[in-house]
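The structure file target_30.pdb is reproduced below (PDB, C-alpha atoms, pLDDT in the B column).
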```pdb
MODEL        1
ATOM      1  CA  MET W   1       3.096 -10.219   9.531  1.00 91.00           C
ATOM      2  CA  ALA W   2      -0.510 -10.924   8.556  1.00 91.00           C
ATOM      3  CA  ALA W   3      -0.216 -14.558   9.627  1.00 88.00           C
ATOM      4  CA  ASP W   4       0.964 -13.449  13.078  1.00 85.00           C
ATOM      5  CA  ALA W   5      -2.192 -11.353  13.488  1.00 81.00           C
ATOM      6  CA  ALA W   6      -4.717 -13.887  12.208  1.00 79.00           C
ATOM      7  CA  SER W   7      -5.928 -17.012  13.930  1.00 72.00           C
ATOM      8  CA  GLY W   8      -8.613 -19.144  12.348  1.00 76.00           C
ATOM      9  CA  PRO W   9     -10.711 -17.754   9.506  1.00 87.00           C
ATOM     10  CA  ALA W  10      -9.505 -14.164   9.367  1.00 94.00           C
ATOM     11  CA  THR W  11     -10.882 -11.039   7.749  1.00 96.00           C
ATOM     12  CA  VAL W  12      -8.396  -8.890   5.831  1.00 97.00           C
ATOM     13  CA  VAL W  13      -9.192  -5.354   4.660  1.00 98.00           C
ATOM     14  CA  ASP W  14      -6.866  -3.856   2.046  1.00 98.00           C
ATOM     15  CA  VAL W  15      -7.243  -0.062   1.959  1.00 97.00           C
ATOM     16  CA  GLY W  16      -6.212   1.442  -1.361  1.00 95.00           C
ATOM     17  CA  CYS W  17      -6.054  -2.090  -2.783  1.00 96.00           C
ATOM     18  CA  GLY W  18      -5.613  -1.115  -6.437  1.00 93.00           C
ATOM     19  CA  THR W  19      -5.830  -4.298  -8.498  1.00 94.00           C
ATOM     20  CA  GLY W  20      -5.752  -6.493  -5.376  1.00 96.00           C
ATOM     21  CA  TYR W  21      -2.247  -7.896  -5.840  1.00 95.00           C
ATOM     22  CA  HIS W  22      -1.242  -7.593  -2.166  1.00 96.00           C
ATOM     23  CA  LEU W  23      -4.639  -8.730  -0.892  1.00 97.00           C
ATOM     24  CA  ALA W  24      -4.399 -11.906  -2.997  1.00 97.00           C
ATOM     25  CA  GLY W  25      -0.903 -12.580  -1.672  1.00 96.00           C
ATOM     26  CA  VAL W  26      -2.084 -12.327   1.941  1.00 95.00           C
ATOM     27  CA  LEU W  27      -5.143 -14.495   1.282  1.00 96.00           C
ATOM     28  CA  ASP W  28      -2.923 -17.164  -0.310  1.00 95.00           C
ATOM     29  CA  ARG W  29      -0.978 -17.351   2.967  1.00 92.00           C
ATOM     30  CA  LEU W  30      -4.063 -17.394   5.214  1.00 93.00           C
ATOM     31  CA  PRO W  31      -6.214 -20.443   4.415  1.00 90.00           C
ATOM     32  CA  GLY W  32      -9.869 -19.697   5.049  1.00 91.00           C
ATOM     33  CA  ALA W  33      -9.361 -15.937   5.321  1.00 95.00           C
ATOM     34  CA  ARG W  34     -11.705 -13.544   3.530  1.00 96.00           C
ATOM     35  CA  GLY W  35     -10.630 -10.253   2.048  1.00 96.00           C
ATOM     36  CA  LEU W  36     -12.176  -6.926   1.169  1.00 97.00           C
ATOM     37  CA  GLY W  37     -10.416  -4.401  -1.021  1.00 97.00           C
ATOM     38  CA  LEU W  38     -11.314  -0.704  -0.831  1.00 97.00           C
ATOM     39  CA  ASP W  39     -10.242   1.748  -3.531  1.00 96.00           C
ATOM     40  CA  THR W  40     -11.568   4.767  -5.415  1.00 95.00           C
ATOM     41  CA  SER W  41     -10.552   3.430  -8.841  1.00 93.00           C
ATOM     42  CA  VAL W  42     -13.432   1.489 -10.355  1.00 92.00           C
ATOM     43  CA  ARG W  43     -11.115   0.322 -13.129  1.00 91.00           C
ATOM     44  CA  ALA W  44      -8.629  -1.194 -10.656  1.00 92.00           C
ATOM     45  CA  LEU W  45     -11.465  -2.696  -8.598  1.00 94.00           C
ATOM     46  CA  ARG W  46     -12.641  -4.720 -11.595  1.00 94.00           C
ATOM     47  CA  SER W  47      -9.364  -6.628 -11.323  1.00 94.00           C
ATOM     48  CA  ALA W  48      -9.408  -6.682  -7.519  1.00 95.00           C
ATOM     49  CA  ALA W  49     -12.857  -8.296  -7.473  1.00 93.00           C
ATOM     50  CA  ARG W  50     -11.514 -11.193  -9.564  1.00 95.00           C
ATOM     51  CA  VAL W  51      -8.018 -11.499  -8.086  1.00 94.00           C
ATOM     52  CA  HIS W  52      -8.927 -14.178  -5.532  1.00 97.00           C
ATOM     53  CA  ASP W  53     -11.941 -16.408  -4.918  1.00 96.00           C
ATOM     54  CA  ARG W  54     -12.107 -15.234  -1.280  1.00 96.00           C
ATOM     55  CA  ALA W  55     -11.870 -11.514  -2.083  1.00 96.00           C
ATOM     56  CA  ALA W  56     -14.458  -8.836  -2.731  1.00 96.00           C
ATOM     57  CA  ALA W  57     -13.925  -5.222  -3.729  1.00 96.00           C
ATOM     58  CA  VAL W  58     -15.808  -1.993  -3.020  1.00 96.00           C
ATOM     59  CA  ALA W  59     -15.392   1.495  -4.442  1.00 96.00           C
ATOM     60  CA  TRP W  60     -14.761   3.608  -1.351  1.00 95.00           C
ATOM     61  CA  ASP W  61     -12.998   6.770  -0.254  1.00 95.00           C
ATOM     62  CA  VAL W  62     -10.570   5.991   2.582  1.00 93.00           C
ATOM     63  CA  PHE W  63     -11.448   9.266   4.294  1.00 95.00           C
ATOM     64  CA  ARG W  64     -15.098   8.290   4.775  1.00 96.00           C
ATOM     65  CA  PRO W  65     -16.251   5.847   7.461  1.00 96.00           C
ATOM     66  CA  PHE W  66     -15.646   2.329   6.117  1.00 96.00           C
ATOM     67  CA  PRO W  67     -18.644   0.167   5.172  1.00 94.00           C
ATOM     68  CA  LEU W  68     -17.778  -2.260   7.994  1.00 96.00           C
ATOM     69  CA  ALA W  69     -18.935  -2.918  11.538  1.00 97.00           C
ATOM     70  CA  ASP W  70     -16.688  -2.234  14.529  1.00 98.00           C
ATOM     71  CA  GLY W  71     -13.998  -4.805  15.335  1.00 96.00           C
ATOM     72  CA  VAL W  72     -14.481  -7.137  12.359  1.00 96.00           C
ATOM     73  CA  ALA W  73     -10.998  -7.118  10.790  1.00 96.00           C
ATOM     74  CA  ASP W  74      -8.007  -9.169  11.867  1.00 96.00           C
ATOM     75  CA  VAL W  75      -5.684  -7.373   9.444  1.00 97.00           C
ATOM     76  CA  VAL W  76      -5.860  -3.976   7.766  1.00 98.00           C
ATOM     77  CA  LEU W  77      -3.338  -3.559   4.933  1.00 97.00           C
ATOM     78  CA  ASP W  78      -2.170  -0.154   3.765  1.00 97.00           C
ATOM     79  CA  VAL W  79       0.401  -0.471   0.983  1.00 96.00           C
ATOM     80  CA  PHE W  80       1.385   2.916  -0.479  1.00 91.00           C
ATOM     81  CA  ALA W  81      -2.123   4.200   0.231  1.00 93.00           C
ATOM     82  CA  PRO W  82      -3.722   7.078   2.126  1.00 92.00           C
ATOM     83  CA  ARG W  83      -4.413   6.422   5.807  1.00 94.00           C
ATOM     84  CA  ASN W  84      -7.374   6.923   8.095  1.00 96.00           C
ATOM     85  CA  PRO W  85      -6.084   5.905  11.562  1.00 97.00           C
ATOM     86  CA  ALA W  86      -9.440   6.324  13.329  1.00 97.00           C
ATOM     87  CA  GLU W  87     -11.234   4.045  10.868  1.00 97.00           C
ATOM     88  CA  PHE W  88      -8.387   1.502  10.887  1.00 98.00           C
ATOM     89  CA  HIS W  89      -8.684   1.391  14.667  1.00 98.00           C
ATOM     90  CA  ARG W  90     -12.478   1.142  14.624  1.00 98.00           C
ATOM     91  CA  VAL W  91     -12.659  -1.846  12.254  1.00 98.00           C
ATOM     92  CA  LEU W  92      -9.739  -3.797  13.765  1.00 97.00           C
ATOM     93  CA  ARG W  93     -10.273  -6.369  16.488  1.00 95.00           C
ATOM     94  CA  PRO W  94      -8.313  -5.600  19.684  1.00 94.00           C
ATOM     95  CA  THR W  95      -5.888  -8.422  18.719  1.00 93.00           C
ATOM     96  CA  GLY W  96      -5.681  -7.324  15.065  1.00 95.00           C
ATOM     97  CA  ARG W  97      -2.829  -5.668  13.225  1.00 96.00           C
ATOM     98  CA  LEU W  98      -2.497  -2.716  10.898  1.00 97.00           C
ATOM     99  CA  ILE W  99       0.261  -3.386   8.361  1.00 97.00           C
ATOM    100  CA  VAL W 100       1.636  -0.293   6.625  1.00 96.00           C
ATOM    101  CA  VAL W 101       4.130  -0.370   3.747  1.00 95.00           C
ATOM    102  CA  GLY W 102       5.685   2.784   2.310  1.00 91.00           C
ATOM    103  CA  PRO W 103       8.901   3.886   0.601  1.00 90.00           C
ATOM    104  CA  THR W 104      12.355   4.563   2.016  1.00 87.00           C
ATOM    105  CA  GLY W 105      14.625   7.226   0.543  1.00 84.00           C
ATOM    106  CA  ARG W 106      16.257   4.544  -1.652  1.00 88.00           C
ATOM    107  CA  HIS W 107      12.961   3.422  -3.213  1.00 88.00           C
ATOM    108  CA  LEU W 108      13.069   3.853  -7.021  1.00 87.00           C
ATOM    109  CA  ALA W 109      16.255   5.918  -6.698  1.00 86.00           C
ATOM    110  CA  GLU W 110      17.255   5.074 -10.291  1.00 87.00           C
ATOM    111  CA  LEU W 111      14.262   7.061 -11.571  1.00 83.00           C
ATOM    112  CA  ARG W 112      14.888  10.278  -9.644  1.00 78.00           C
ATOM    113  CA  GLY W 113      17.528  11.636 -12.011  1.00 73.00           C
ATOM    114  CA  ARG W 114      15.168  11.324 -14.965  1.00 75.00           C
ATOM    115  CA  TRP W 115      11.889  12.355 -13.288  1.00 74.00           C
ATOM    116  CA  PRO W 116      12.802  14.207 -10.076  1.00 69.00           C
ATOM    117  CA  SER W 117       9.375  15.813  -9.692  1.00 66.00           C
ATOM    118  CA  ALA W 118       7.497  12.509 -10.028  1.00 63.00           C
ATOM    119  CA  VAL W 119       9.651  10.194  -7.931  1.00 67.00           C
ATOM    120  CA  THR W 120      10.153  11.837  -4.566  1.00 70.00           C
ATOM    121  CA  VAL W 121      10.188  10.531  -1.012  1.00 72.00           C
ATOM    122  CA  ASP W 122       9.872  12.845   1.969  1.00 74.00           C
ATOM    123  CA  PRO W 123      12.822  12.008   4.270  1.00 74.00           C
ATOM    124  CA  ALA W 124      10.580  12.549   7.322  1.00 76.00           C
ATOM    125  CA  LYS W 125       7.797  10.306   6.003  1.00 75.00           C
ATOM    126  CA  GLU W 126       8.366   7.451   8.461  1.00 78.00           C
ATOM    127  CA  GLN W 127       8.417   9.811  11.465  1.00 83.00           C
ATOM    128  CA  ARG W 128       5.232  11.541  10.272  1.00 85.00           C
ATOM    129  CA  LEU W 129       3.568   8.147   9.857  1.00 85.00           C
ATOM    130  CA  HIS W 130       4.379   7.090  13.434  1.00 83.00           C
ATOM    131  CA  ARG W 131       3.115  10.447  14.773  1.00 88.00           C
ATOM    132  CA  ALA W 132      -0.123  10.216  12.786  1.00 90.00           C
ATOM    133  CA  LEU W 133      -0.807   6.651  13.921  1.00 94.00           C
ATOM    134  CA  GLY W 134       0.434   7.187  17.503  1.00 92.00           C
ATOM    135  CA  PRO W 135      -2.891   8.091  19.142  1.00 94.00           C
ATOM    136  CA  CYS W 136      -4.500   4.853  17.890  1.00 96.00           C
ATOM    137  CA  PHE W 137      -1.595   2.430  17.354  1.00 97.00           C
ATOM    138  CA  GLU W 138       1.829   1.400  18.570  1.00 96.00           C
ATOM    139  CA  ALA W 139       4.457  -0.164  16.302  1.00 94.00           C
ATOM    140  CA  ALA W 140       4.985  -3.856  17.067  1.00 94.00           C
ATOM    141  CA  VAL W 141       7.566  -4.844  14.459  1.00 95.00           C
ATOM    142  CA  THR W 142       9.185  -3.397  11.333  1.00 94.00           C
ATOM    143  CA  GLU W 143      10.856  -5.354   8.556  1.00 95.00           C
ATOM    144  CA  GLN W 144      13.031  -3.642   5.953  1.00 95.00           C
ATOM    145  CA  VAL W 145      12.588  -5.077   2.470  1.00 95.00           C
ATOM    146  CA  GLU W 146      15.001  -4.117  -0.297  1.00 96.00           C
ATOM    147  CA  TYR W 147      15.836  -5.762  -3.609  1.00 96.00           C
ATOM    148  CA  PRO W 148      16.602  -4.874  -7.243  1.00 96.00           C
ATOM    149  CA  ALA W 149      13.704  -5.329  -9.676  1.00 94.00           C
ATOM    150  CA  PRO W 150      14.549  -5.833 -13.358  1.00 95.00           C
ATOM    151  CA  LEU W 151      12.344  -3.806 -15.719  1.00 90.00           C
ATOM    152  CA  THR W 152      11.883  -3.282 -19.436  1.00 87.00           C
ATOM    153  CA  GLY W 153      11.500   0.215 -20.877  1.00 81.00           C
ATOM    154  CA  PRO W 154       7.682   0.022 -21.044  1.00 84.00           C
ATOM    155  CA  ASP W 155       7.604  -1.264 -17.437  1.00 85.00           C
ATOM    156  CA  VAL W 156       9.657   1.754 -16.312  1.00 83.00           C
ATOM    157  CA  LEU W 157       7.207   4.143 -17.987  1.00 80.00           C
ATOM    158  CA  ASP W 158       4.240   2.324 -16.413  1.00 80.00           C
ATOM    159  CA  LEU W 159       5.926   2.538 -13.015  1.00 81.00           C
ATOM    160  CA  VAL W 160       6.510   6.272 -13.354  1.00 76.00           C
ATOM    161  CA  ALA W 161       2.865   6.713 -14.385  1.00 76.00           C
ATOM    162  CA  MET W 162       1.808   5.045 -11.103  1.00 75.00           C
ATOM    163  CA  THR W 163       3.718   7.430  -8.844  1.00 70.00           C
ATOM    164  CA  PRO W 164       1.616   9.899  -6.829  1.00 66.00           C
ATOM    165  CA  SER W 165       3.098  12.927  -8.600  1.00 61.00           C
ATOM    166  CA  ALA W 166       2.930  11.543 -12.158  1.00 59.00           C
ATOM    167  CA  ARG W 167      -0.133  13.657 -12.895  1.00 60.00           C
ATOM    168  CA  HIS W 168       2.241  16.644 -12.981  1.00 58.00           C
ATOM    169  CA  LEU W 169       4.203  15.092 -15.861  1.00 60.00           C
ATOM    170  CA  GLY W 170       2.959  15.516 -19.390  1.00 60.00           C
ATOM    171  CA  ARG W 171       2.895  12.484 -21.693  1.00 60.00           C
ATOM    172  CA  ALA W 172       5.719  13.988 -23.746  1.00 55.00           C
ATOM    173  CA  GLU W 173       7.885  14.421 -20.644  1.00 60.00           C
ATOM    174  CA  ARG W 174       7.256  10.816 -19.572  1.00 55.00           C
ATOM    175  CA  HIS W 175       8.120   9.500 -23.028  1.00 57.00           C
ATOM    176  CA  ALA W 176      11.033  11.835 -23.843  1.00 58.00           C
ATOM    177  CA  ASP W 177      14.001  10.194 -25.527  1.00 55.00           C
ATOM    178  CA  GLY W 178      16.760   8.988 -23.295  1.00 64.00           C
ATOM    179  CA  SER W 179      18.062   5.835 -21.741  1.00 75.00           C
ATOM    180  CA  LEU W 180      15.916   4.093 -19.160  1.00 82.00           C
ATOM    181  CA  PRO W 181      17.273   1.980 -16.305  1.00 86.00           C
ATOM    182  CA  ASP W 182      16.961  -1.775 -16.702  1.00 89.00           C
ATOM    183  CA  GLN W 183      16.306  -2.219 -12.991  1.00 91.00           C
ATOM    184  CA  VAL W 184      15.097  -0.200 -10.022  1.00 91.00           C
ATOM    185  CA  THR W 185      15.546  -0.563  -6.293  1.00 92.00           C
ATOM    186  CA  VAL W 186      12.504  -1.574  -4.277  1.00 93.00           C
ATOM    187  CA  SER W 187      13.092  -0.363  -0.720  1.00 93.00           C
ATOM    188  CA  VAL W 188      10.268  -0.341   1.813  1.00 94.00           C
ATOM    189  CA  PRO W 189       9.719  -0.722   5.533  1.00 94.00           C
ATOM    190  CA  ALA W 190       6.737  -2.914   6.418  1.00 95.00           C
ATOM    191  CA  THR W 191       5.469  -2.123   9.912  1.00 95.00           C
ATOM    192  CA  ALA W 192       2.839  -4.013  11.891  1.00 96.00           C
ATOM    193  CA  TYR W 193       0.984  -1.851  14.407  1.00 96.00           C
ATOM    194  CA  ARG W 194      -1.182  -3.050  17.281  1.00 96.00           C
ATOM    195  CA  PRO W 195      -4.239  -1.064  18.396  1.00 96.00           C
ATOM    196  CA  ARG W 196      -3.916   0.958  21.612  1.00 94.00           C
TER     197      ARG W 196
ENDMDL
END
```
Could you write out this structure as structure tokens?
Amino acid sequence: MAADAASGPATVVDVGCGTGYHLAGVLDRLPGARGLGLDTSVRALRSAARVHDRAAAVAWDVFRPFPLADGVADVVLDVFAPRNPAEFHRVLRPTGRLIVVGPTGRHLAELRGRWPSAVTVDPAKEQRLHRALGPCFEAAVTEQVEYPAPLTGPDVLDLVAMTPSARHLGRAERHADGSLPDQVTVSVPATAYRPR
């Protein structure tokens, strides 16, 4: 999706980039592209700043105006991150693409029985996303991605700790005795939006 939106040396902005994993993957597929990761976690940004030789990282709140000029980005990535449609629209070139990835109802389903309060997906999430982005963007293409991911016990606990609601779980509840799944389902729609 990013390659379809970028011609020549592109600029990619990853909002809520975390450690920069997805930004590095896009930059690997776009020779000559430059990337900027935005996130509030200084700890994660230390990794993001080193994840790729063509990437930089800035501590930034997605709900503030981005530290970028108008129309400078070819691609804005938003993978499981908060969204600011007006800022996405402002920094994207008219030919650019916003790529949003979020969970389906099947995402991490194996963990819901054990931690139902931490691993939840709003069934209307996709519809709410389209409504929120609608004034600034129109969906161009959506790809469904789904596969099983093998995990060890410690990986499962790390994954649960990364969920948005994990802060409501105490350490004892996360580490309570019991069997852990040896794989989870990754199930996400990836949608490319074009600016209106």
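This file gives the following result for the PyMOL selection byres ((chain W and resi 20) around 7): W:Cys17, W:Gly18, W:Thr19, W:Tyr21, W:His22, W:Leu23, W:Ala24, W:Gly37, W:Ser47, W:Ala48, W:Val51.
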Neighbour list for Ala57 (chain W) as a PyMOL selection string, cut-off 12 Å, all atoms listed in the file, skip fewer than 3 positions in-chain: chain W and resi 12-20+23-24+34-54+60+67
Pull C-alpha atoms from the residues just selected and write them as an mmCIF file, in the coordinates of the input.
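Written out: result-v8.cif:
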```
data_model
loop_
_atom_site.group_PDB
_atom_site.id
_atom_site.type_symbol
_atom_site.label_atom_id
_atom_site.label_comp_id
_atom_site.auth_asym_id
_atom_site.auth_seq_id
_atom_site.Cartn_x
_atom_site.Cartn_y
_atom_site.Cartn_z
ATOM 1 C CA VAL W 12 -8.396 -8.890 5.831
ATOM 2 C CA VAL W 13 -9.192 -5.354 4.660
ATOM 3 C CA ASP W 14 -6.866 -3.856 2.046
ATOM 4 C CA VAL W 15 -7.243 -0.062 1.959
ATOM 5 C CA GLY W 16 -6.212 1.442 -1.361
ATOM 6 C CA CYS W 17 -6.054 -2.090 -2.783
ATOM 7 C CA GLY W 18 -5.613 -1.115 -6.437
ATOM 8 C CA THR W 19 -5.830 -4.298 -8.498
ATOM 9 C CA GLY W 20 -5.752 -6.493 -5.376
ATOM 10 C CA LEU W 23 -4.639 -8.730 -0.892
ATOM 11 C CA ALA W 24 -4.399 -11.906 -2.997
ATOM 12 C CA ARG W 34 -11.705 -13.544 3.530
ATOM 13 C CA GLY W 35 -10.630 -10.253 2.048
ATOM 14 C CA LEU W 36 -12.176 -6.926 1.169
ATOM 15 C CA GLY W 37 -10.416 -4.401 -1.021
ATOM 16 C CA LEU W 38 -11.314 -0.704 -0.831
ATOM 17 C CA ASP W 39 -10.242 1.748 -3.531
ATOM 18 C CA THR W 40 -11.568 4.767 -5.415
ATOM 19 C CA SER W 41 -10.552 3.430 -8.841
ATOM 20 C CA VAL W 42 -13.432 1.489 -10.355
ATOM 21 C CA ARG W 43 -11.115 0.322 -13.129
ATOM 22 C CA ALA W 44 -8.629 -1.194 -10.656
ATOM 23 C CA LEU W 45 -11.465 -2.696 -8.598
ATOM 24 C CA ARG W 46 -12.641 -4.720 -11.595
ATOM 25 C CA SER W 47 -9.364 -6.628 -11.323
ATOM 26 C CA ALA W 48 -9.408 -6.682 -7.519
ATOM 27 C CA ALA W 49 -12.857 -8.296 -7.473
ATOM 28 C CA ARG W 50 -11.514 -11.193 -9.564
ATOM 29 C CA VAL W 51 -8.018 -11.499 -8.086
ATOM 30 C CA HIS W 52 -8.927 -14.178 -5.532
ATOM 31 C CA ASP W 53 -11.941 -16.408 -4.918
ATOM 32 C CA ARG W 54 -12.107 -15.234 -1.280
ATOM 33 C CA TRP W 60 -14.761 3.608 -1.351
ATOM 34 C CA PRO W 67 -18.644 0.167 5.172
#
```
Answer key for the PyMOL selection byres ((chain W and resi 31) around 12), residues as JSON, numbers by chain: {"W": [2, 3, 6, 7, 8, 9, 10, 11, 12, 24, 25, 26, 27, 28, 29, 30, 32, 33, 34, 35, 53, 54]}
Close residues, Val100 (chain W) itself excluded, 9 Å, only C-alpha atoms, min 5 positions apart in chain, as a ChimeraX atom specification: /W:76-81,189-193
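Of the listed residues (W:Gly96, W:Pro103, W:Pro82, W:Gly113), W:Gly96 comes nearest to Arg196 (chain W); the distances count all atoms listed in the file.
Across the structure, CA of Val75 (chain W) and CA of Phe63 (chain W) are spaced 18.3 Å apart.
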For CA of Arg106 (chain W) and CA of Asp158 (chain W), the interatomic separation in Å (one decimal): 19.2 Å
Residues within 10 Å of (-18.3, -3.4, 13.6), file coords, all atoms listed in the file, listed as an NGL selection string: :W and (66-73 or 90-93)
Point-to-point distance in Å for CA of Val145 (chain W) and CA of Trp115 (chain W): 23.5 Å
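Comparing W:Met1, W:Glu87, W:Tyr147, W:Thr142 by their smallest distance to Asp61 (chain W), the closest is W:Glu87 (using only C-alpha atoms).
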